[in-house]
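Working notes, structure below.
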Amino acid sequence: MADNELNSDCTLHVYFTRYSSWGARVALIMAYFRIPCNIKMYGMNSPAVAPPARLAGGLLPVLQPDPKDEDFVVMDSLAICEFLAEKHPELHLWPQDPKLRALARTAAAQMHSGFSEIRNTCHTNFFGKYTGKVPITEAGEKEARRMVEIWSKARVDAKKRLQELGEEDEGFLFGKFCIVDAFFWPVLWRFRSYQLPLTGISEDGLKWMAKMWNDPVMKLEAKEYYRQAQSPLTRIEKYEDIFKGNADIEYGQFSEDWTFNSANT
């Protein structure tokens, strides 16, 4: 187990975020909004770094808001984010405008409950780099197109609404960074690793991708993933080189200094 201890009553239990898309989402929210929280990280492949059995039978992330009440835990990444949004209304984890807030919640819910083909065939490995004839199913291509449509439409809706309100557009999906951006954060790594198609993405959709990849907080989170990789205990073998034995596919890892270039998409 790796700990990130702060002076806080709140504790977030997650699997090492270099592989855990669900945990990475919540950890990014904590980091971006500077919510004080002790973060305890666990592994999936070794008893030495396994989570306590009391934590939802190993289903993470789990948030423990009160150290004096071990029975009070919030499970599931979206439920945790909603809890944090209610606990910290001054931080505006969702857009302040009711219309944009509804649209952002809709997009986050689609990510949370959908895209099962990409989840099941493009396993999370933030460093993984597959080149060559990387397979993608017809259902996977359809989901990738749908994902891109959500990003592009979000930017259209946000720009229109923010103009009506006379408010600044910071370039995130619905203007300012919020929960929905965090929910799509791990997907950007999947698009990178598996060369998923960006067919139909708008110019503003690409700008959003660049915004995410180049944001200082996201860069610090990426550094944390690479820091984790220095320990062999964080490695999950079944998520490494999932096409092993296929001569048409080469496996490698992206370097820490990789940068997003929309011209090459």
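Each chain of the structure tokens is named A, B, ... in the order shown, its residues numbered from 1; ligands are numbered from 1 in display order.
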
Which of segment 21-219 of chain A DSSP labels helix (DSSP H, G or I), written as an MDAnalysis selection string: chainID A and resid 21:32 47:49 56:58 77:87 89:91 98:113 116:121 138:165 179:194 203:214 216:219

Segment 210-215 of chain A surroundings by only C-alpha atoms, 7 Å radius, close-in-sequence under 4 positions cut, as a list in words: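 Counting only C-alpha atoms, the residues come to Gly171, Leu206, Lys219 and Phe260 of chain A.
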
Go ahead and save the picked residues with N, CA and C atoms, as an mmCIF file, in the first residue's frame.
```
data_model
loop_
_atom_site.group_PDB
_atom_site.id
_atom_site.type_symbol
_atom_site.label_atom_id
_atom_site.label_comp_id
_atom_site.auth_asym_id
_atom_site.auth_seq_id
_atom_site.Cartn_x
_atom_site.Cartn_y
_atom_site.Cartn_z
ATOM 1 N N GLY A 171 -12.526 26.470 -21.962
ATOM 2 C CA GLY A 171 -12.112 25.449 -22.911
ATOM 3 C C GLY A 171 -12.319 24.012 -22.485
ATOM 4 N N LEU A 206 -10.836 18.772 -30.423
ATOM 5 C CA LEU A 206 -9.379 18.606 -30.375
ATOM 6 C C LEU A 206 -8.739 19.600 -29.418
ATOM 7 N N LYS A 219 -0.893 17.158 -15.785
ATOM 8 C CA LYS A 219 0.505 16.763 -15.956
ATOM 9 C C LYS A 219 1.086 16.215 -14.642
ATOM 10 N N PHE A 260 0.883 15.891 -26.505
ATOM 11 C CA PHE A 260 -0.227 15.739 -27.457
ATOM 12 C C PHE A 260 -0.058 16.718 -28.610
#
```

Nearest-residue call for Pro186 of chain A, choices A:Asp66, A:Glu256, A:Glu221, A:Asp71, using only C-alpha atoms: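 Result for the nearest residue to Pro186 of chain A: A:Glu221.
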
Residue contacts of Gly205 of chain A (10 Å, only C-alpha atoms) excluding same-chain residues fewer than 6 positions away, as a list in words: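 Counting only C-alpha atoms, the residues come to Val148, Glu149, Ile150, Trp151, Ser152, Lys153, Ala154, Arg155, Val156, Gly171, Phe172, Leu173, Leu198 and Lys211 of chain A.
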
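Remark: for Tyr15 of chain A, the closest of the candidate residues A:Lys40, A:Arg227, A:Lys99, A:Arg54 is A:Lys40 (distances computed over only C-alpha atoms).
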
Run DSSP on the backbone of this structure and report the residues of segment 31-261 of chain A it assigns to strand (DSSP E), as a compact mmCIF listing (two decimals) with N, CA and C atoms, in the first residue's frame.
```
# COMPACT_ATOMS: atom_id res chain seq x y z
N ASN A 38 -6.60 12.16 2.58
CA ASN A 38 -5.56 11.13 2.60
C ASN A 38 -5.88 10.11 1.52
N ILE A 39 -4.92 9.82 0.68
CA ILE A 39 -5.14 8.84 -0.39
C ILE A 39 -4.31 7.61 -0.11
N LYS A 40 -4.99 6.48 0.02
CA LYS A 40 -4.33 5.20 0.25
C LYS A 40 -4.49 4.35 -1.01
N MET A 41 -3.36 3.90 -1.56
CA MET A 41 -3.38 3.15 -2.81
C MET A 41 -3.00 1.69 -2.57
N TYR A 42 -3.63 0.82 -3.35
CA TYR A 42 -3.45 -0.62 -3.20
C TYR A 42 -3.20 -1.25 -4.56
N VAL A 62 -13.20 3.77 -2.79
CA VAL A 62 -14.09 3.92 -1.64
C VAL A 62 -13.63 5.17 -0.89
N LEU A 63 -14.58 6.01 -0.53
CA LEU A 63 -14.28 7.20 0.26
C LEU A 63 -14.77 7.00 1.68
N GLN A 64 -13.87 7.24 2.63
CA GLN A 64 -14.23 7.19 4.04
C GLN A 64 -14.20 8.62 4.57
N VAL A 74 -18.49 5.76 1.18
CA VAL A 74 -19.16 6.06 -0.08
C VAL A 74 -18.43 5.30 -1.18
N MET A 75 -19.17 4.46 -1.89
CA MET A 75 -18.60 3.63 -2.93
C MET A 75 -19.03 4.13 -4.30
N GLY A 128 0.76 2.12 -21.78
CA GLY A 128 0.80 1.20 -22.89
C GLY A 128 0.75 1.87 -24.25
N LYS A 129 1.56 1.38 -25.18
CA LYS A 129 1.63 1.93 -26.53
C LYS A 129 1.61 0.77 -27.53
N TYR A 130 0.49 0.66 -28.24
CA TYR A 130 0.34 -0.41 -29.22
C TYR A 130 0.42 0.18 -30.62
N THR A 131 1.29 -0.38 -31.44
CA THR A 131 1.44 0.07 -32.82
C THR A 131 1.32 -1.13 -33.74
N GLY A 132 0.98 -0.85 -34.99
CA GLY A 132 0.77 -1.92 -35.94
C GLY A 132 -0.70 -2.10 -36.21
N ILE A 249 1.43 -6.73 -34.00
CA ILE A 249 1.29 -5.63 -33.04
C ILE A 249 2.54 -5.54 -32.18
N GLU A 250 3.07 -4.34 -32.09
CA GLU A 250 4.25 -4.10 -31.26
C GLU A 250 3.83 -3.36 -30.00
N TYR A 251 4.36 -3.81 -28.89
CA TYR A 251 4.03 -3.19 -27.60
C TYR A 251 5.21 -2.42 -27.05
N GLY A 252 4.93 -1.24 -26.56
CA GLY A 252 5.94 -0.43 -25.91
C GLY A 252 5.28 0.45 -24.87
N GLN A 253 5.98 1.46 -24.42
CA GLN A 253 5.42 2.39 -23.45
C GLN A 253 5.74 3.82 -23.86
```

Selection: 9 Å around segment 163-167 of chain A, only C-alpha atoms, excl. self and same-chain fewer than 5 positions, as a PDB file with N, CA and C atoms, in the first residue's frame:
```
ATOM      1  N   ASP A  97     -24.420  26.973 -13.756  1.00  0.00           N
ATOM      2  CA  ASP A  97     -25.631  27.169 -14.536  1.00  0.00           C
ATOM      3  C   ASP A  97     -26.431  25.873 -14.600  1.00  0.00           C
ATOM      4  N   ALA A 158     -21.684  24.288 -24.739  1.00  0.00           N
ATOM      5  CA  ALA A 158     -21.066  25.147 -23.729  1.00  0.00           C
ATOM      6  C   ALA A 158     -20.791  26.544 -24.279  1.00  0.00           C
ATOM      7  N   GLY A 175     -17.038  24.496 -20.203  1.00  0.00           N
ATOM      8  CA  GLY A 175     -16.495  25.789 -19.798  1.00  0.00           C
ATOM      9  C   GLY A 175     -15.354  25.637 -18.823  1.00  0.00           C
TER      10      GLY A 175
END
```

Among the residues A:Thr137, A:Thr11, A:Thr259, A:Gln230, the one that comes closest to Lys68 of chain A [using only C-alpha atoms]: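 Looking at the shortest contact to Lys68 of chain A, the residue is A:Thr11.
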
Closest of A:Gln195, A:Pro95, A:Trp22, A:Ile201 to Ser113 of chain A - atom-to-atom distances counting only C-alpha atoms: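 Closest residue, counting only C-alpha atoms: A:Trp22.
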